[in-house]
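Chemist: Just one file: structure.txt, with compact mmCIF, C-alpha atoms and all ligand atoms.
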```txt
# COMPACT_ATOMS: atom_id res chain seq x y z
CA MET A 1 -32.25 8.52 68.41
CA LYS A 2 -32.24 11.52 70.71
CA VAL A 3 -31.44 11.70 74.40
CA GLN A 4 -32.55 15.00 75.89
CA GLY A 5 -32.71 16.51 72.43
CA LYS A 6 -29.22 15.39 71.36
CA PRO A 7 -28.83 12.71 68.64
CA TRP A 8 -26.95 9.59 69.78
CA ARG A 9 -25.88 6.28 68.41
CA THR A 10 -24.98 3.44 70.75
CA ILE A 11 -21.42 3.20 69.42
CA TRP A 12 -19.10 5.70 67.74
CA PRO A 13 -15.43 6.26 66.90
CA GLU A 14 -13.94 8.84 69.27
CA PRO A 15 -12.35 11.95 67.70
CA ASP A 16 -8.90 10.95 69.10
CA GLY A 17 -8.73 8.38 66.26
CA GLU A 18 -7.72 5.60 68.61
CA SER A 19 -10.75 4.61 70.66
CA VAL A 20 -14.45 3.75 70.49
CA GLY A 21 -17.25 5.27 72.57
CA ILE A 22 -20.25 3.32 73.84
CA ILE A 23 -23.25 3.93 76.08
CA ASP A 24 -22.75 1.81 79.21
CA GLN A 25 -26.03 -0.12 79.26
CA THR A 26 -25.35 -1.68 82.65
CA ARG A 27 -26.00 1.76 84.21
CA LEU A 28 -29.32 2.51 82.52
CA PRO A 29 -31.99 3.55 83.31
CA HIS A 30 -30.56 5.13 86.44
CA GLU A 31 -27.56 6.80 84.86
CA PHE A 32 -26.72 7.75 81.25
CA ALA A 33 -22.98 7.12 81.15
CA THR A 34 -20.55 6.57 78.31
CA LEU A 35 -17.33 4.55 78.18
CA THR A 36 -14.24 4.80 76.02
CA LEU A 37 -12.74 1.50 74.82
CA ARG A 38 -9.13 1.33 73.64
CA THR A 39 -8.23 -2.35 73.35
CA LEU A 40 -9.48 -5.68 72.04
CA GLU A 41 -9.81 -6.88 75.62
CA GLU A 42 -11.98 -3.91 76.57
CA ALA A 43 -14.20 -4.52 73.54
CA ALA A 44 -14.56 -8.22 74.44
CA HIS A 45 -15.33 -7.30 78.04
CA ALA A 46 -17.99 -4.79 76.93
CA ILE A 47 -19.82 -7.57 75.04
CA ARG A 48 -19.40 -10.22 77.75
CA SER A 49 -20.48 -7.93 80.60
CA MET A 50 -23.34 -6.53 78.50
CA GLN A 51 -22.19 -2.94 78.61
CA VAL A 52 -23.22 -3.36 74.98
CA ARG A 53 -25.82 -5.99 74.13
CA GLY A 54 -28.50 -6.83 71.59
CA ALA A 55 -27.59 -8.89 68.53
CA PRO A 56 -26.91 -6.09 66.00
CA LEU A 57 -24.91 -3.98 68.46
CA ILE A 58 -22.81 -6.98 69.45
CA GLY A 59 -21.88 -7.34 65.77
CA ALA A 60 -21.01 -3.65 65.47
CA MET A 61 -18.94 -3.75 68.65
CA ALA A 62 -17.06 -6.80 67.36
CA ALA A 63 -16.19 -4.98 64.14
CA TYR A 64 -14.76 -2.05 66.09
CA GLY A 65 -13.02 -4.56 68.37
CA MET A 66 -11.18 -5.91 65.32
CA TRP A 67 -10.06 -2.38 64.52
CA LEU A 68 -8.82 -1.77 68.08
CA ALA A 69 -6.81 -5.02 67.88
CA LEU A 70 -5.30 -4.31 64.45
CA ARG A 71 -4.32 -0.74 65.38
CA ARG A 72 -1.82 -2.27 67.80
CA ASP A 73 -0.79 -5.32 65.82
CA PRO A 74 -1.93 -5.91 62.21
CA SER A 75 -0.23 -9.32 61.84
CA ASP A 76 -1.99 -12.53 60.72
CA VAL A 77 -1.64 -13.92 64.24
CA ALA A 78 -3.28 -10.84 65.79
CA LEU A 79 -6.09 -10.95 63.23
CA ALA A 80 -6.87 -14.59 64.05
CA ARG A 81 -6.62 -13.90 67.78
CA ALA A 82 -8.99 -10.93 67.62
CA HIS A 83 -11.53 -12.98 65.65
CA ALA A 84 -11.35 -15.87 68.15
CA THR A 85 -11.42 -13.64 71.25
CA LEU A 86 -14.48 -11.71 70.14
CA LEU A 87 -16.30 -14.80 68.83
CA ALA A 88 -15.97 -16.43 72.25
CA THR A 89 -17.76 -13.59 74.07
CA ARG A 90 -21.39 -14.62 73.51
CA PRO A 91 -22.56 -17.70 71.60
CA THR A 92 -26.17 -17.15 70.53
CA ALA A 93 -26.53 -14.02 68.38
CA ILE A 94 -25.42 -14.87 64.84
CA ASN A 95 -24.68 -11.19 64.18
CA LEU A 96 -21.42 -11.64 66.07
CA ARG A 97 -20.11 -14.32 63.72
CA TRP A 98 -21.58 -12.50 60.72
CA ALA A 99 -19.62 -9.33 61.53
CA LEU A 100 -16.40 -11.12 62.48
CA ASP A 101 -16.36 -13.37 59.42
CA ARG A 102 -17.04 -10.38 57.21
CA CYS A 103 -14.15 -8.48 58.80
CA HIS A 104 -11.81 -11.44 58.52
CA ALA A 105 -12.66 -12.12 54.87
CA HIS A 106 -12.11 -8.46 54.01
CA LEU A 107 -8.93 -7.92 56.03
CA ALA A 108 -6.96 -11.17 55.71
CA PRO A 109 -6.01 -10.69 52.01
CA LEU A 110 -4.72 -7.14 52.67
CA PRO A 111 -1.10 -6.33 53.47
CA PRO A 112 -0.81 -5.86 57.26
CA ALA A 113 0.03 -2.16 56.91
CA GLY A 114 -3.37 -1.46 55.37
CA ARG A 115 -5.47 -3.54 57.74
CA ALA A 116 -6.19 -1.07 60.55
CA ALA A 117 -7.53 1.63 58.21
CA ALA A 118 -9.61 -0.96 56.33
CA ALA A 119 -10.97 -2.38 59.60
CA PHE A 120 -12.01 1.09 60.73
CA ALA A 121 -13.80 1.81 57.45
CA LEU A 122 -15.57 -1.56 57.54
CA ALA A 123 -16.71 -1.10 61.16
CA ALA A 124 -18.11 2.34 60.30
CA SER A 125 -19.90 0.92 57.29
CA ILE A 126 -21.38 -2.00 59.31
CA CYS A 127 -22.76 0.62 61.73
CA ASP A 128 -24.27 2.73 58.94
CA GLU A 129 -25.75 -0.38 57.32
CA ASP A 130 -27.32 -1.41 60.62
CA ALA A 131 -29.04 1.96 61.01
CA ALA A 132 -30.32 1.75 57.42
CA ILE A 133 -31.51 -1.86 57.82
CA ASN A 134 -33.45 -0.97 60.95
CA ARG A 135 -35.00 2.06 59.29
CA GLY A 136 -36.08 -0.35 56.51
CA ILE A 137 -37.66 -2.69 59.09
CA GLY A 138 -39.54 0.33 60.41
CA ALA A 139 -40.88 1.15 56.95
CA ALA A 140 -41.85 -2.49 56.33
CA GLY A 141 -43.62 -2.81 59.68
CA LEU A 142 -45.44 0.51 59.64
CA PRO A 143 -48.33 -0.68 57.39
CA LEU A 144 -49.12 -3.46 59.91
CA LEU A 145 -49.57 -0.87 62.64
CA ARG A 146 -51.52 1.45 60.34
CA ALA A 147 -53.92 -1.41 59.49
CA LEU A 148 -54.53 -2.08 63.18
CA ALA A 149 -55.00 1.64 63.88
CA ALA A 150 -57.60 1.82 61.11
CA MET A 151 -59.73 -0.72 62.99
CA LYS A 152 -59.74 1.33 66.21
CA LYS A 153 -62.24 3.93 67.36
CA THR A 154 -60.93 7.50 67.47
CA GLY A 155 -58.58 7.99 70.42
CA GLU A 156 -58.25 4.24 71.05
CA PRO A 157 -54.60 3.12 70.90
CA VAL A 158 -53.14 0.10 69.16
CA ASN A 159 -51.80 -2.07 71.97
CA LEU A 160 -48.45 -3.72 71.30
CA LEU A 161 -46.46 -6.06 73.48
CA THR A 162 -42.70 -6.43 73.29
CA HIS A 163 -40.17 -8.56 75.13
CA CYS A 164 -36.61 -7.72 76.19
CA ASN A 165 -35.00 -4.77 74.42
CA ALA A 166 -34.94 -4.84 70.64
CA GLY A 167 -34.78 -1.07 70.66
CA TRP A 168 -32.16 1.39 69.49
CA LEU A 169 -29.98 0.45 72.44
CA ALA A 170 -29.77 -3.10 71.04
CA THR A 171 -28.64 -1.82 67.65
CA VAL A 172 -26.60 1.10 66.34
CA ASP A 173 -29.76 3.18 65.85
CA TRP A 174 -33.55 2.85 65.52
CA GLY A 175 -33.84 -0.66 66.97
CA THR A 176 -35.52 -3.51 65.15
CA ALA A 177 -38.82 -4.17 66.96
CA THR A 178 -39.00 -0.50 67.94
CA ALA A 179 -38.38 0.95 64.47
CA PRO A 180 -42.02 0.54 63.31
CA ILE A 181 -43.15 1.78 66.72
CA TYR A 182 -41.07 4.97 66.52
CA LEU A 183 -42.12 5.64 62.93
CA ALA A 184 -45.80 5.07 63.75
CA HIS A 185 -45.60 7.25 66.84
CA ASP A 186 -43.86 10.04 64.93
CA ASP A 187 -46.55 9.68 62.27
CA GLY A 188 -49.26 10.41 64.84
CA LEU A 189 -50.67 6.89 65.32
CA GLU A 190 -52.10 6.27 68.79
CA LEU A 191 -49.97 3.49 70.30
CA HIS A 192 -49.49 1.92 73.68
CA VAL A 193 -46.71 -0.59 74.37
CA TRP A 194 -46.80 -3.29 77.06
CA VAL A 195 -43.16 -3.70 78.06
CA ASP A 196 -42.22 -7.12 79.50
CA GLU A 197 -39.78 -6.60 82.36
CA THR A 198 -37.66 -9.52 81.01
CA ARG A 199 -36.09 -11.19 83.98
CA PRO A 200 -33.41 -11.91 84.91
CA ARG A 201 -31.59 -8.83 83.61
CA ASN A 202 -34.70 -6.72 83.09
CA GLN A 203 -33.79 -5.32 79.69
CA GLY A 204 -37.48 -4.48 79.17
CA ALA A 205 -38.01 -2.72 82.48
CA SER A 206 -34.71 -0.87 82.37
CA LEU A 207 -33.90 -0.31 78.69
CA THR A 208 -37.09 -0.53 76.61
CA ALA A 209 -39.04 1.48 79.19
CA TRP A 210 -36.25 4.10 79.22
CA GLU A 211 -36.38 4.30 75.43
CA MET A 212 -40.17 4.64 75.34
CA LEU A 213 -40.11 7.33 78.01
CA ASN A 214 -37.33 9.13 76.22
CA HIS A 215 -39.22 9.13 72.92
CA GLY A 216 -42.61 9.90 74.47
CA VAL A 217 -44.27 6.61 73.48
CA PRO A 218 -47.09 5.66 75.88
CA HIS A 219 -46.12 2.41 77.59
CA THR A 220 -46.65 0.27 80.68
CA VAL A 221 -44.10 -2.08 82.23
CA ILE A 222 -45.53 -5.49 83.15
CA VAL A 223 -44.09 -8.56 84.83
CA ASP A 224 -43.18 -11.29 82.38
CA ASN A 225 -46.11 -13.43 83.47
CA ALA A 226 -48.79 -10.79 82.72
CA GLY A 227 -48.74 -11.03 78.92
CA GLY A 228 -50.98 -14.11 78.62
CA HIS A 229 -53.59 -12.58 80.89
CA LEU A 230 -53.62 -9.33 78.89
CA MET A 231 -54.00 -11.27 75.64
CA GLN A 232 -56.92 -13.27 77.05
CA HIS A 233 -58.66 -9.97 77.81
CA GLY A 234 -58.17 -8.45 74.36
CA GLN A 235 -55.59 -5.95 75.52
CA VAL A 236 -52.86 -6.87 73.05
CA ASP A 237 -53.36 -6.27 69.31
CA LEU A 238 -49.94 -7.44 68.17
CA VAL A 239 -46.72 -8.83 69.66
CA ILE A 240 -43.46 -7.63 68.14
CA VAL A 241 -40.07 -8.89 69.29
CA GLY A 242 -36.49 -8.93 68.06
CA THR A 243 -34.27 -11.91 67.39
CA ASP A 244 -30.74 -13.16 67.94
CA ARG A 245 -30.99 -15.70 65.15
CA VAL A 246 -33.61 -16.82 62.65
CA THR A 247 -32.99 -20.16 60.97
CA ALA A 248 -33.46 -21.03 57.30
CA ARG A 249 -36.85 -22.55 58.10
CA GLY A 250 -37.99 -19.57 60.20
CA ASP A 251 -37.41 -20.71 63.79
CA VAL A 252 -36.72 -17.69 65.99
CA CYS A 253 -34.18 -17.60 68.79
CA ASN A 254 -34.64 -14.64 71.13
CA LYS A 255 -34.48 -13.65 74.78
CA ILE A 256 -35.70 -16.27 77.24
CA GLY A 257 -39.48 -16.05 77.62
CA THR A 258 -40.20 -15.14 74.00
CA TYR A 259 -41.52 -18.67 73.32
CA LEU A 260 -44.11 -18.38 76.10
CA LYS A 261 -45.36 -15.12 74.59
CA ALA A 262 -45.66 -16.79 71.20
CA LEU A 263 -47.68 -19.66 72.72
CA ALA A 264 -50.01 -17.23 74.47
CA ALA A 265 -50.34 -15.18 71.29
CA ARG A 266 -51.29 -18.26 69.26
CA ASP A 267 -53.84 -19.38 71.86
CA ASN A 268 -55.48 -15.97 71.75
CA GLY A 269 -55.29 -15.25 68.02
CA VAL A 270 -52.86 -12.35 68.53
CA PRO A 271 -50.42 -11.81 65.62
CA PHE A 272 -46.80 -12.51 66.63
CA TYR A 273 -44.21 -10.71 64.50
CA VAL A 274 -40.42 -10.84 64.64
CA ALA A 275 -38.34 -7.87 63.51
CA THR A 276 -35.55 -9.59 61.58
CA PRO A 277 -32.57 -7.72 60.14
CA SER A 278 -30.90 -9.81 57.44
CA PRO A 279 -27.62 -10.22 59.39
CA SER A 280 -29.67 -12.09 62.03
CA ILE A 281 -30.69 -14.80 59.56
CA ASP A 282 -28.53 -17.93 59.72
CA PHE A 283 -29.05 -19.85 56.50
CA MET A 284 -26.59 -22.52 57.70
CA VAL A 285 -28.99 -23.68 60.40
CA ARG A 286 -32.51 -25.13 60.01
CA ASP A 287 -33.60 -26.63 63.32
CA GLY A 288 -33.40 -23.83 65.87
CA LEU A 289 -34.10 -26.10 68.84
CA ARG A 290 -31.22 -28.46 68.15
CA GLU A 291 -28.68 -26.35 66.30
CA ILE A 292 -28.49 -22.98 68.07
CA PRO A 293 -26.20 -22.76 71.11
CA ILE A 294 -28.10 -21.24 74.03
CA GLU A 295 -26.01 -19.05 76.28
CA GLU A 296 -26.09 -20.03 79.94
CA ARG A 297 -25.30 -16.96 82.01
CA ALA A 298 -24.28 -16.55 85.65
CA ALA A 299 -26.69 -17.76 88.34
CA ALA A 300 -26.14 -14.44 90.13
CA GLU A 301 -28.31 -12.74 87.49
CA VAL A 302 -31.22 -14.83 88.81
CA THR A 303 -30.42 -14.81 92.52
CA HIS A 304 -29.70 -11.08 92.72
CA LEU A 305 -31.31 -7.86 91.50
CA THR A 306 -29.78 -4.43 91.05
CA GLY A 307 -31.86 -1.31 91.45
CA CYS A 308 -31.81 2.28 92.55
CA ARG A 309 -32.35 3.45 96.13
CA GLU A 310 -34.45 6.56 96.79
CA ASP A 311 -31.20 8.57 97.21
CA GLY A 312 -30.12 7.61 93.67
CA SER A 313 -27.39 5.15 94.67
CA LEU A 314 -27.39 1.66 93.16
CA ALA A 315 -27.85 -1.44 95.30
CA THR A 316 -27.66 -5.16 94.53
CA ILE A 317 -29.76 -7.45 96.70
CA ARG A 318 -30.31 -11.19 96.88
CA VAL A 319 -33.87 -12.37 96.15
CA THR A 320 -33.44 -16.13 96.66
CA PRO A 321 -32.42 -18.21 99.70
CA ALA A 322 -28.63 -18.25 99.94
CA GLY A 323 -28.53 -22.05 99.48
CA SER A 324 -30.82 -22.36 96.44
CA PRO A 325 -29.08 -23.05 93.14
CA ALA A 326 -30.29 -21.12 90.07
CA ALA A 327 -30.18 -21.79 86.32
CA ASN A 328 -30.02 -19.04 83.74
CA PRO A 329 -30.60 -20.03 80.10
CA ALA A 330 -30.56 -16.66 78.35
CA PHE A 331 -32.47 -17.47 75.13
CA ASP A 332 -35.18 -19.76 73.83
CA VAL A 333 -36.41 -20.86 70.43
CA THR A 334 -39.89 -20.11 69.10
CA PRO A 335 -40.78 -22.64 66.38
CA ALA A 336 -41.61 -21.09 63.02
CA ARG A 337 -45.21 -22.37 63.20
CA LEU A 338 -45.95 -19.86 66.00
CA VAL A 339 -44.60 -16.86 64.07
CA THR A 340 -47.09 -14.83 62.04
CA GLY A 341 -44.41 -13.09 60.02
CA LEU A 342 -40.83 -11.83 59.85
CA ILE A 343 -40.44 -8.09 59.35
CA THR A 344 -37.21 -7.63 57.41
CA GLU A 345 -35.66 -4.61 55.71
CA ARG A 346 -36.82 -6.13 52.41
CA GLY A 347 -40.43 -6.54 53.50
CA VAL A 348 -42.59 -8.88 55.56
CA CYS A 349 -42.46 -12.61 54.84
CA PRO A 350 -43.87 -15.79 56.34
CA ALA A 351 -41.51 -17.63 58.69
CA THR A 352 -40.98 -20.43 56.18
CA PRO A 353 -38.10 -21.58 53.96
CA ALA A 354 -40.02 -20.31 50.91
CA GLY A 355 -40.80 -16.98 52.55
CA LEU A 356 -37.16 -16.34 53.39
CA GLN A 357 -35.98 -17.68 50.03
CA LYS A 358 -38.25 -15.26 48.19
CA LEU A 359 -36.77 -12.20 49.93
CA PHE A 360 -33.19 -13.40 50.28
CA SER A 361 -32.48 -15.60 47.25
CA ASP A 362 -29.07 -13.88 47.00
CA ARG A 363 -28.08 -15.14 50.47
CA SER A 364 -29.83 -18.45 50.94
CA SER A 365 -28.50 -20.49 48.03
O1 LIG B 401 -29.05 -10.70 76.17
P1 LIG B 401 -29.35 -9.53 75.28
O2 LIG B 401 -29.81 -8.33 76.04
O3 LIG B 401 -28.22 -9.24 74.33
O4 LIG B 401 -30.59 -10.03 74.42
C1 LIG B 401 -31.19 -9.18 73.51
C2 LIG B 401 -32.34 -9.78 72.81
O5 LIG B 401 -32.74 -10.88 73.06
C3 LIG B 401 -32.91 -9.00 71.68
O6 LIG B 401 -34.28 -9.23 71.56
C4 LIG B 401 -32.22 -9.42 70.38
O7 LIG B 401 -30.83 -9.39 70.53
C5 LIG B 401 -32.61 -8.56 69.23
S1 LIG B 401 -31.96 -6.94 69.40
C6 LIG B 401 -32.49 -6.04 68.07
```
Mind turning this structure into structure tokens?
Modeler:
Amino acid sequence: MKVQGKPWRTIWPEPDGESVGIIDQTRLPHEFATLTLRTLEEAAHAIRSMQVRGAPLIGAMAAYGMWLALRRDPSDVALARAHATLLATRPTAINLRWALDRCHAHLAPLPPAGRAAAAFALAASICDEDAAINRGIGAAGLPLLRALAAMKKTGEPVNLLTHCNAGWLATVDWGTATAPIYLAHDDGLELHVWVDETRPRNQGASLTAWEMLNHGVPHTVIVDNAGGHLMQHGQVDLVIVGTDRVTARGDVCNKIGTYLKALAARDNGVPFYVATPSPSIDFMVRDGLREIPIEERAAAEVTHLTGCREDGSLATIRVTPAGSPAANPAFDVTPARLVTGLITERGVCPATPAGLQKLFSDRSS
């Protein structure tokens, strides 16, 4: 996607041949800053601290993290250590394990001298695949938006609601939930996106809103609790969210608060779609509620907020009484029965074992 007219991806190999560039997402929307990562530890820190975040981008970062590790030491011990270090950064998005296992399976049989070059090539190819997958999700989701637009009066927008950031910042390019939105907008469809702020870290208010503004998509930021009210008043035509893991039976794990949006959508007859790249499907797991580890993040993300003062400087302030404890489960699970459909790069399917099996028979058996 473009930032001020210049094409960007969220992650790239630097021309020095020994480091990786990323957009530092902890500084957005107030500052567009990049970082250069040179070591395994810096790559792991970038994931843990959410300088890079979003399931597909975490996987891409991990692949480049393997390269950074093997550049310095291509031994079996270093390979195993890099895999374990990166895997321990965040537990919920399956894309992390998917990318790391793929790297390990590809690199372990090679002689150590060839591992760094092979790791680099694989990381680059995982990034290119991610961009292509997301473009495919866009193409698969576009007809849904066209069908809604066809039911509108001239000049009346299709109203979408999205949660968290499943945009291009959460991937290498395009985004998952945003890919159909960008394609539809570029195609001239009248759209308006309700952007959930997504407490505690506000990925909606800070990242999705920044993306929409940047691409010229009409949007409005709302507090997380507003979605149900808007749906009751006919102001949401379709909900589209991303996912950190979809199980073999179609349960959807995504940013905390997604489940409440799905409940409200069901109660109001609003279609609830999940943009699902195939690396986010975990065919080893069926029951999302019991089998997916939910990341518990620092209480400080709940008790404190960071924002921008009028003079442009950043400030972090406490919003809770100093003595009140806080809990911070970062993801929840939306049962498959509440999901209208999964938008994958191979097409749209019901969130059922049969639906997934039909599109991904090569992966699920
Ligand atoms: O904690 P985050 O910001 O990594 O969570 C991101 C989300 O929940 C996204 O919706 C999900 O990873 C899909 S990104 C295409």
Chemist: Of the candidates A:Leu263, A:Ala55, A:Val195, A:Leu314, which one gets nearest to ligand LIG 401 (chain B) if we count only C-alpha atoms and all ligand atoms?
Modeler: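 Ranked by minimum distance to ligand LIG 401 (chain B), first place goes to A:Ala55.
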Chemist: Using only C-alpha atoms and all ligand atoms, which residues of chain A come within 7 Å of ligand LIG 401 (chain B), and what is the closest atom pair for each, with the distance in Å to one decimal? Give it as JSON lines, sorted by chain and residue number.
Modeler:
```
{"residue": "A:Met50", "atom": "CA", "partner": "B:LIG401", "partner_atom": "O3", "distance": 7.0}
{"residue": "A:Arg53", "atom": "CA", "partner": "B:LIG401", "partner_atom": "O3", "distance": 4.0}
{"residue": "A:Gly54", "atom": "CA", "partner": "B:LIG401", "partner_atom": "O7", "distance": 3.6}
{"residue": "A:Ala55", "atom": "CA", "partner": "B:LIG401", "partner_atom": "O7", "distance": 3.8}
{"residue": "A:Pro56", "atom": "CA", "partner": "B:LIG401", "partner_atom": "C6", "distance": 6.0}
{"residue": "A:Ala93", "atom": "CA", "partner": "B:LIG401", "partner_atom": "O7", "distance": 6.7}
{"residue": "A:His163", "atom": "CA", "partner": "B:LIG401", "partner_atom": "O6", "distance": 6.9}
{"residue": "A:Cys164", "atom": "CA", "partner": "B:LIG401", "partner_atom": "O6", "distance": 5.4}
{"residue": "A:Asn165", "atom": "CA", "partner": "B:LIG401", "partner_atom": "O6", "distance": 5.3}
{"residue": "A:Ala166", "atom": "CA", "partner": "B:LIG401", "partner_atom": "C6", "distance": 3.7}
{"residue": "A:Gly167", "atom": "CA", "partner": "B:LIG401", "partner_atom": "C6", "distance": 6.1}
{"residue": "A:Ala170", "atom": "CA", "partner": "B:LIG401", "partner_atom": "S1", "distance": 4.7}
{"residue": "A:Thr171", "atom": "CA", "partner": "B:LIG401", "partner_atom": "C6", "distance": 5.7}
{"residue": "A:Gly175", "atom": "CA", "partner": "B:LIG401", "partner_atom": "C6", "distance": 5.7}
{"residue": "A:Thr176", "atom": "CA", "partner": "B:LIG401", "partner_atom": "C6", "distance": 4.9}
{"residue": "A:Ala177", "atom": "CA", "partner": "B:LIG401", "partner_atom": "C6", "distance": 6.7}
{"residue": "A:Gln203", "atom": "CA", "partner": "B:LIG401", "partner_atom": "O2", "distance": 6.2}
{"residue": "A:Val241", "atom": "CA", "partner": "B:LIG401", "partner_atom": "O6", "distance": 6.2}
{"residue": "A:Gly242", "atom": "CA", "partner": "B:LIG401", "partner_atom": "C5", "distance": 4.1}
{"residue": "A:Thr243", "atom": "CA", "partner": "B:LIG401", "partner_atom": "C5", "distance": 4.2}
{"residue": "A:Asp244", "atom": "CA", "partner": "B:LIG401", "partner_atom": "O7", "distance": 4.6}
{"residue": "A:Asn254", "atom": "CA", "partner": "B:LIG401", "partner_atom": "O5", "distance": 4.6}
{"residue": "A:Lys255", "atom": "CA", "partner": "B:LIG401", "partner_atom": "O5", "distance": 3.7}
{"residue": "A:Ala330", "atom": "CA", "partner": "B:LIG401", "partner_atom": "O1", "distance": 6.5}
{"residue": "A:Phe331", "atom": "CA", "partner": "B:LIG401", "partner_atom": "O5", "distance": 6.9}
```
Chemist: Would you work out the distance separating atom CA of A:Ile133 from atom CA of A:Ala264, expressed in Å to one decimal?
Modeler: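 Result for atom CA of A:Ile133 versus atom CA of A:Ala264: 29.3 Å, one decimal.
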Chemist: Would you mind listing what lies within 12 Å of stretch 143-148 of chain A as JSON, numbers by chain, with all atoms listed in the file counted and same-chain residues fewer than 3 positions away left out?
Modeler: {"A": [137, 138, 139, 140, 151, 152, 153, 156, 157, 158, 159, 160, 178, 179, 180, 181, 182, 183, 184, 185, 187, 188, 189, 190, 191, 192, 236, 237, 238, 239, 240, 270, 271, 272, 273, 340, 341, 342, 343, 347, 348]}
Chemist: Would you please work out which residue, of A:Ala336, A:Ala84, A:Ile222, A:Ala33, is nearest to A:Cys253 when using only C-alpha atoms?
Modeler: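 Selected residue with least distance to A:Cys253: A:Ala336.
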Chemist: Name all residues at most 7 Å from A:Leu96 (count only C-alpha atoms; drop same-chain ones fewer than 4 positions away) and give them as a list in words.
Modeler: Ile58, Gly59, Ala62, Leu87 and Leu100 of chain A
Chemist: Residues of stretch 46-141 of chain A within 7 Å of stretch 290-312 of chain A: nearest atom pair and distance (Å, one decimal) for each, counting only C-alpha atoms, sorted by chain and number, as JSON lines?
Modeler:
```
{"residue": "A:Arg90", "atom": "CA", "partner": "A:Glu295", "partner_atom": "CA", "distance": 7.0}
{"residue": "A:Pro91", "atom": "CA", "partner": "A:Glu295", "partner_atom": "CA", "distance": 6.0}
{"residue": "A:Thr92", "atom": "CA", "partner": "A:Pro293", "partner_atom": "CA", "distance": 5.6}
```
Chemist: Measure the distance from atom CA of A:Phe32 to atom CA of A:Pro13 in Å and round it to one decimal.
Modeler: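 Separation of atom CA of A:Phe32 and atom CA of A:Pro13: 18.3 Å.
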Chemist: Quick one: of A:Val3, A:Val221, A:Ala205, A:Ala275, who's nearest to A:Asn134, counting all atoms listed in the file?
Modeler: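 Nearest candidate to A:Asn134 out of A:Val3, A:Val221, A:Ala205, A:Ala275: A:Ala275.
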